[in-house]
>>> print(open('final_33.txt').read())   # compact mmCIF, C-alpha atoms
# COMPACT_ATOMS: atom_id res chain seq x y z
CA ASP A 1 0.00 0.00 0.00
CA MET A 2 2.97 2.33 0.53
CA PHE A 3 4.21 2.13 -3.04
CA ARG A 4 2.55 2.95 -6.31
CA VAL A 5 2.56 0.31 -9.06
CA ASP A 6 2.34 1.48 -12.67
CA ARG A 7 2.56 -0.34 -15.97
CA LEU A 8 4.92 1.35 -18.40
CA GLN A 9 5.88 0.49 -21.94
CA ILE A 10 9.46 -0.72 -22.52
CA ARG A 11 10.59 1.17 -25.61
CA ASP A 12 14.21 -0.05 -25.56
CA LEU A 13 16.20 -2.51 -23.47
CA SER A 14 19.90 -3.12 -22.89
CA PRO A 15 21.88 -4.98 -20.23
CA GLN A 16 22.57 -1.62 -18.51
CA GLY A 17 19.15 -0.02 -18.69
CA LEU A 18 15.69 0.61 -20.02
CA LEU A 19 13.91 3.29 -21.96
CA LEU A 20 10.36 3.46 -20.62
CA GLY A 21 7.44 5.36 -22.10
CA ARG A 22 4.18 6.53 -20.58
CA PRO A 23 1.44 8.94 -21.57
CA LYS A 24 2.00 12.43 -20.14
CA ASP A 25 -1.36 12.31 -18.38
CA ALA A 26 -0.64 8.94 -16.67
CA GLY A 27 -0.05 10.71 -13.38
CA ALA A 28 3.05 8.74 -12.33
CA TYR A 29 5.44 11.16 -10.71
CA VAL A 30 9.15 10.38 -10.81
CA ARG A 31 12.24 12.55 -10.52
CA VAL A 32 15.78 12.11 -11.76
CA GLY A 33 17.60 10.20 -9.02
CA ASP A 34 14.58 8.20 -7.80
CA VAL A 35 14.93 4.44 -7.32
CA LEU A 36 12.35 2.27 -9.06
CA GLY A 37 11.50 -1.38 -8.56
CA ILE A 38 11.15 -3.03 -11.96
CA GLN A 39 9.31 -6.25 -12.66
CA ARG A 40 8.95 -7.30 -16.28
CA THR A 41 6.01 -9.45 -17.31
CA ASP A 42 8.38 -12.33 -18.16
CA ASP A 43 10.12 -12.21 -14.72
CA GLN A 44 9.41 -14.77 -12.01
CA PRO A 45 6.67 -13.58 -9.63
CA GLY A 46 8.26 -11.75 -6.70
CA SER A 47 11.48 -11.10 -8.65
CA TRP A 48 12.34 -7.40 -8.85
CA SER A 49 15.25 -5.42 -10.26
CA ALA A 50 16.26 -2.00 -8.97
CA GLY A 51 16.90 0.93 -11.27
CA VAL A 52 17.51 4.64 -10.96
CA VAL A 53 15.91 7.36 -13.08
CA ARG A 54 18.75 9.05 -15.00
CA TRP A 55 16.74 11.30 -17.31
CA LEU A 56 13.22 12.34 -18.31
CA LYS A 57 12.04 13.71 -21.63
CA SER A 58 8.61 14.94 -22.68
CA SER A 59 7.77 15.18 -26.33
CA ALA A 60 5.05 16.74 -28.44
CA THR A 61 3.60 13.24 -28.97
CA LYS A 62 2.06 13.32 -25.48
CA MET A 63 4.57 10.73 -24.34
CA THR A 64 7.10 10.96 -21.51
CA GLU A 65 10.28 8.94 -21.88
CA ILE A 66 12.14 7.77 -18.78
CA GLY A 67 15.78 6.64 -18.96
CA ILE A 68 16.52 4.00 -16.31
CA GLU A 69 19.94 2.64 -15.34
CA LEU A 70 19.64 -0.85 -13.89
CA LEU A 71 21.44 -1.07 -10.55
CA GLY A 72 20.96 -4.77 -10.06
CA PRO A 73 18.73 -7.77 -10.46
CA GLN A 74 17.06 -9.67 -7.65
CA ALA A 75 16.72 -6.74 -5.27
CA ARG A 76 15.82 -8.06 -1.82
CA PRO A 77 14.02 -6.01 0.82
CA VAL A 78 15.66 -5.71 4.22
CA GLY A 79 15.31 -3.65 7.34
CA VAL A 80 18.53 -1.84 8.25
CA ARG A 81 19.53 -0.39 11.60
CA LEU A 82 22.65 1.60 12.33
CA GLU A 83 24.51 -0.17 15.16
CA SER A 84 27.48 2.14 15.44
CA GLY A 85 29.03 4.87 13.42
CA GLY A 86 30.27 8.41 13.52
CA ASN A 87 28.03 9.47 16.38
CA GLY A 88 27.93 6.04 18.08
CA SER A 89 24.15 6.11 18.49
CA ALA A 90 21.70 3.43 17.43
CA SER A 91 18.68 4.09 15.24
CA GLY A 92 15.45 2.29 14.36
CA HIS A 93 15.05 0.00 11.37
CA THR A 94 14.44 1.58 7.98
CA PRO A 95 13.52 -0.12 4.70
CA ALA A 96 16.40 -0.85 2.32
CA LEU A 97 17.35 -3.13 -0.57
CA THR A 98 20.29 -5.46 -1.00
CA LEU A 99 21.62 -6.00 -4.52
CA PRO A 100 23.79 -9.04 -5.29
CA ALA A 101 27.24 -8.78 -6.84
CA ILE A 102 27.36 -8.78 -10.65
CA LEU A 103 30.66 -10.51 -11.35
CA PRO A 104 30.86 -9.94 -15.15
CA LEU A 105 30.50 -6.19 -14.56
CA HIS A 106 32.87 -6.22 -11.55
CA ARG A 107 30.11 -4.80 -9.32
CA PRO A 108 30.20 -5.81 -5.64
CA SER A 109 27.16 -6.49 -3.46
CA THR A 110 25.55 -3.22 -2.46
CA LEU A 111 22.93 -1.85 -0.13
CA LEU A 112 20.43 0.83 -1.20
CA VAL A 113 19.38 2.97 1.75
CA SER A 114 17.60 6.27 2.31
CA ARG A 115 19.76 9.34 1.89
CA GLY A 116 21.56 10.25 5.09
CA LEU A 117 22.02 6.73 6.49
CA PHE A 118 25.58 6.18 5.21
CA GLN A 119 28.41 6.71 7.67
CA PRO A 120 31.94 5.61 6.66
CA GLY A 121 32.99 2.47 8.53
CA ALA A 122 29.63 2.20 10.31
CA THR A 123 28.21 -1.17 11.33
CA TYR A 124 24.62 -1.95 10.38
CA GLU A 125 22.26 -4.75 11.32
CA LEU A 126 20.28 -6.18 8.39
CA HIS A 127 16.99 -7.99 8.93
CA GLU A 128 15.70 -10.07 6.04
CA GLU A 129 12.46 -12.01 6.30
CA GLY A 130 13.07 -15.59 7.39
CA GLN A 131 16.80 -15.01 8.08
CA ALA A 132 18.82 -14.39 11.22
CA PRO A 133 19.97 -10.76 11.65
CA ARG A 134 23.25 -10.04 9.86
CA ARG A 135 25.90 -7.49 10.80
CA VAL A 136 27.62 -5.63 7.95
CA ARG A 137 30.14 -2.82 7.72
CA ALA A 138 29.94 0.07 5.24
CA LEU A 139 33.04 0.08 3.03
CA GLN A 140 32.37 2.71 0.39
CA LEU A 141 29.69 5.09 -0.83
CA LEU A 142 29.15 4.36 -4.53
CA GLU A 143 26.44 6.90 -5.23
CA ARG A 144 24.27 9.46 -3.51
CA SER A 145 21.19 11.07 -5.04
CA GLY A 146 18.47 13.23 -3.59
CA SER A 147 16.63 10.10 -2.43
CA PHE A 148 19.10 7.23 -1.90
CA GLU A 149 22.65 6.14 -1.12
CA GLN A 150 24.26 3.03 -2.61
CA ILE A 151 26.79 1.46 -0.26
CA VAL A 152 29.38 -1.26 -0.80
CA PHE A 153 29.35 -3.46 2.29
CA ALA A 154 30.93 -6.58 3.74
CA ASP A 155 29.97 -8.91 6.54
CA ALA A 156 31.25 -7.58 9.86
CA LEU A 157 33.33 -9.79 12.11
CA PRO A 158 31.62 -10.90 15.32
CA VAL A 159 32.42 -8.78 18.36
>>> encode(input="final_33.txt", output="structure tokens")
Amino acid sequence: DMFRVDRLQIRDLSPQGLLLGRPKDAGAYVRVGDVLGIQRTDDQPGSWSAGVVRWLKSSATKMTEIGIELLGPQARPVGVRLESGGNGSASGHTPALTLPAILPLHRPSTLLVSRGLFQPGATYELHEEGQAPRRVRALQLLERSGSFEQIVFADALPV
């Protein structure tokens, strides 16, 4: 109920991204830098990819084109909680996504979190449905937009 689901036309597809089209009056509101969950009709049910809006273009044909860079397949929802970091304080759980490594592209596993959650070297607790909590450490900030941060992480050693 928290997220809007829209059907958009795929106008072009590559391994790195999508060109989506929608009528101007469709009402879907996206901004450059927003993260989108993408499920194609030929994907397995429950299988989602994550992408980021890189550009928008409106034309005289009453169509809006949306350029999407794919960040990763098989995005998995998790709850993330800051255990320790720059200020040493704990926080509540917030929704996030884990993205698996893409070895052919030399992309490591990453975590997509709300903007402002990244702290260099911080330890986070990840909660994934049906799994035991997992401790990870932030290694590097890959990208920051107005709405998200993409973090390279590794499992943290037990205390």
>>> atom_distance(input="final_33.txt", atom1="atom CA of Leu117 of chain A", atom2="atom CA of Phe148 of chain A")
8.9 Å
>>> closest_residue(input="final_33.txt", among="A:Ala96, A:Leu126, A:Ile38, A:Val53", to="Gln74 of chain A", atoms="only C-alpha atoms")
A:Ile38
>>> closest_atom_pairs(input="final_33.txt", of="segment 54-94 of chain A", to="segment 128-140 of chain A", cutoff="7 Å", atoms="only C-alpha atoms", output="CSV")
residue,atom,partner,partner_atom,distance
A:Pro77,CA,A:Glu128,CA,6.8
A:Val78,CA,A:Glu128,CA,4.7
A:Gly79,CA,A:Glu128,CA,6.6
>>> write_last_selection(input="final_33.txt", atoms="C-alpha atoms", output="short mmCIF file (atom, residue, chain, number, x, y, z; two decimals), keeping the file's coordinate frame")
data_model
loop_
_atom_site.label_atom_id
_atom_site.label_comp_id
_atom_site.auth_asym_id
_atom_site.auth_seq_id
_atom_site.Cartn_x
_atom_site.Cartn_y
_atom_site.Cartn_z
CA PRO A 77 14.02 -6.01 0.82
CA VAL A 78 15.66 -5.71 4.22
CA GLY A 79 15.31 -3.65 7.34
#
>>> atom_distance(input="final_33.txt", atom1="atom CA of Ser114 of chain A", atom2="atom CA of Asp43 of chain A")
26.2 Å
>>> closest_residue(input="final_33.txt", among="A:Val5, A:Leu20, A:Ala60, A:Leu70", to="Leu99 of chain A", atoms="all atoms listed in the file")
A:Leu70
>>> build_atoms(input="final_33.txt", residues="segment 58-69 of chain A", atoms="all heavy atoms", output="PDB file, in the frame of the given file")
ATOM      1  N   SER A  58       9.975  14.841 -22.181  1.00  0.00           N
ATOM      2  CA  SER A  58       8.610  14.940 -22.680  1.00  0.00           C
ATOM      3  C   SER A  58       8.664  15.391 -24.116  1.00  0.00           C
ATOM      4  O   SER A  58       9.477  16.229 -24.485  1.00  0.00           O
ATOM      5  CB  SER A  58       7.798  15.942 -21.852  1.00  0.00           C
ATOM      6  OG  SER A  58       7.593  15.456 -20.561  1.00  0.00           O
ATOM      7  N   SER A  59       7.781  14.821 -24.907  1.00  0.00           N
ATOM      8  CA  SER A  59       7.770  15.180 -26.330  1.00  0.00           C
ATOM      9  C   SER A  59       6.394  15.685 -26.721  1.00  0.00           C
ATOM     10  O   SER A  59       5.426  15.575 -25.968  1.00  0.00           O
ATOM     11  CB  SER A  59       8.144  13.954 -27.176  1.00  0.00           C
ATOM     12  OG  SER A  59       7.148  12.968 -27.041  1.00  0.00           O
ATOM     13  N   ALA A  60       6.313  16.209 -27.920  1.00  0.00           N
ATOM     14  CA  ALA A  60       5.050  16.740 -28.440  1.00  0.00           C
ATOM     15  C   ALA A  60       4.054  15.614 -28.704  1.00  0.00           C
ATOM     16  O   ALA A  60       2.874  15.879 -28.925  1.00  0.00           O
ATOM     17  CB  ALA A  60       5.302  17.526 -29.710  1.00  0.00           C
ATOM     18  N   THR A  61       4.485  14.372 -28.685  1.00  0.00           N
ATOM     19  CA  THR A  61       3.600  13.240 -28.970  1.00  0.00           C
ATOM     20  C   THR A  61       2.800  12.793 -27.743  1.00  0.00           C
ATOM     21  O   THR A  61       2.253  11.709 -27.725  1.00  0.00           O
ATOM     22  CB  THR A  61       4.408  12.046 -29.497  1.00  0.00           C
ATOM     23  OG1 THR A  61       5.329  11.641 -28.480  1.00  0.00           O
ATOM     24  CG2 THR A  61       5.133  12.388 -30.773  1.00  0.00           C
ATOM     25  N   LYS A  62       2.781  13.624 -26.712  1.00  0.00           N
ATOM     26  CA  LYS A  62       2.060  13.320 -25.480  1.00  0.00           C
ATOM     27  C   LYS A  62       2.615  12.100 -24.771  1.00  0.00           C
ATOM     28  O   LYS A  62       1.918  11.394 -24.065  1.00  0.00           O
ATOM     29  CB  LYS A  62       0.566  13.154 -25.742  1.00  0.00           C
ATOM     30  CG  LYS A  62      -0.092  14.404 -26.281  1.00  0.00           C
ATOM     31  CD  LYS A  62      -1.575  14.225 -26.406  1.00  0.00           C
ATOM     32  CE  LYS A  62      -2.158  15.514 -26.955  1.00  0.00           C
ATOM     33  NZ  LYS A  62      -3.584  15.452 -27.098  1.00  0.00           N
ATOM     34  N   MET A  63       3.899  11.853 -24.969  1.00  0.00           N
ATOM     35  CA  MET A  63       4.570  10.730 -24.340  1.00  0.00           C
ATOM     36  C   MET A  63       5.723  11.258 -23.488  1.00  0.00           C
ATOM     37  O   MET A  63       6.385  12.209 -23.871  1.00  0.00           O
ATOM     38  CB  MET A  63       5.115   9.812 -25.438  1.00  0.00           C
ATOM     39  CG  MET A  63       5.323   8.387 -25.116  1.00  0.00           C
ATOM     40  SD  MET A  63       3.824   7.564 -24.607  1.00  0.00           S
ATOM     41  CE  MET A  63       4.335   5.927 -24.866  1.00  0.00           C
ATOM     42  N   THR A  64       5.930  10.657 -22.333  1.00  0.00           N
ATOM     43  CA  THR A  64       7.100  10.960 -21.510  1.00  0.00           C
ATOM     44  C   THR A  64       8.024   9.762 -21.576  1.00  0.00           C
ATOM     45  O   THR A  64       7.573   8.616 -21.386  1.00  0.00           O
ATOM     46  CB  THR A  64       6.703  11.248 -20.049  1.00  0.00           C
ATOM     47  OG1 THR A  64       5.864  12.398 -20.017  1.00  0.00           O
ATOM     48  CG2 THR A  64       7.924  11.488 -19.185  1.00  0.00           C
ATOM     49  N   GLU A  65       9.281   9.999 -21.868  1.00  0.00           N
ATOM     50  CA  GLU A  65      10.280   8.940 -21.880  1.00  0.00           C
ATOM     51  C   GLU A  65      11.094   9.026 -20.598  1.00  0.00           C
ATOM     52  O   GLU A  65      11.412  10.117 -20.120  1.00  0.00           O
ATOM     53  CB  GLU A  65      11.198   9.072 -23.094  1.00  0.00           C
ATOM     54  CG  GLU A  65      10.480   8.842 -24.399  1.00  0.00           C
ATOM     55  CD  GLU A  65      11.409   8.915 -25.598  1.00  0.00           C
ATOM     56  OE1 GLU A  65      12.420   9.649 -25.542  1.00  0.00           O
ATOM     57  OE2 GLU A  65      11.119   8.234 -26.584  1.00  0.00           O
ATOM     58  N   ILE A  66      11.411   7.857 -20.037  1.00  0.00           N
ATOM     59  CA  ILE A  66      12.140   7.770 -18.780  1.00  0.00           C
ATOM     60  C   ILE A  66      13.349   6.860 -19.004  1.00  0.00           C
ATOM     61  O   ILE A  66      13.195   5.689 -19.348  1.00  0.00           O
ATOM     62  CB  ILE A  66      11.250   7.195 -17.656  1.00  0.00           C
ATOM     63  CG1 ILE A  66       9.955   8.004 -17.531  1.00  0.00           C
ATOM     64  CG2 ILE A  66      12.010   7.146 -16.341  1.00  0.00           C
ATOM     65  CD1 ILE A  66       8.899   7.351 -16.659  1.00  0.00           C
ATOM     66  N   GLY A  67      14.544   7.411 -18.825  1.00  0.00           N
ATOM     67  CA  GLY A  67      15.780   6.640 -18.960  1.00  0.00           C
ATOM     68  C   GLY A  67      16.162   6.047 -17.608  1.00  0.00           C
ATOM     69  O   GLY A  67      16.357   6.778 -16.643  1.00  0.00           O
ATOM     70  N   ILE A  68      16.240   4.722 -17.548  1.00  0.00           N
ATOM     71  CA  ILE A  68      16.520   4.000 -16.310  1.00  0.00           C
ATOM     72  C   ILE A  68      17.844   3.264 -16.423  1.00  0.00           C
ATOM     73  O   ILE A  68      18.055   2.513 -17.364  1.00  0.00           O
ATOM     74  CB  ILE A  68      15.415   2.947 -16.016  1.00  0.00           C
ATOM     75  CG1 ILE A  68      14.022   3.553 -16.043  1.00  0.00           C
ATOM     76  CG2 ILE A  68      15.699   2.189 -14.719  1.00  0.00           C
ATOM     77  CD1 ILE A  68      13.739   4.536 -14.959  1.00  0.00           C
ATOM     78  N   GLU A  69      18.734   3.476 -15.449  1.00  0.00           N
ATOM     79  CA  GLU A  69      19.940   2.640 -15.340  1.00  0.00           C
ATOM     80  C   GLU A  69      19.635   1.524 -14.367  1.00  0.00           C
ATOM     81  O   GLU A  69      19.177   1.777 -13.240  1.00  0.00           O
ATOM     82  CB  GLU A  69      21.130   3.448 -14.822  1.00  0.00           C
ATOM     83  CG  GLU A  69      22.364   2.586 -14.650  1.00  0.00           C
ATOM     84  CD  GLU A  69      23.520   3.300 -13.986  1.00  0.00           C
ATOM     85  OE1 GLU A  69      23.411   4.502 -13.691  1.00  0.00           O
ATOM     86  OE2 GLU A  69      24.552   2.642 -13.744  1.00  0.00           O
TER      87      GLU A  69
END
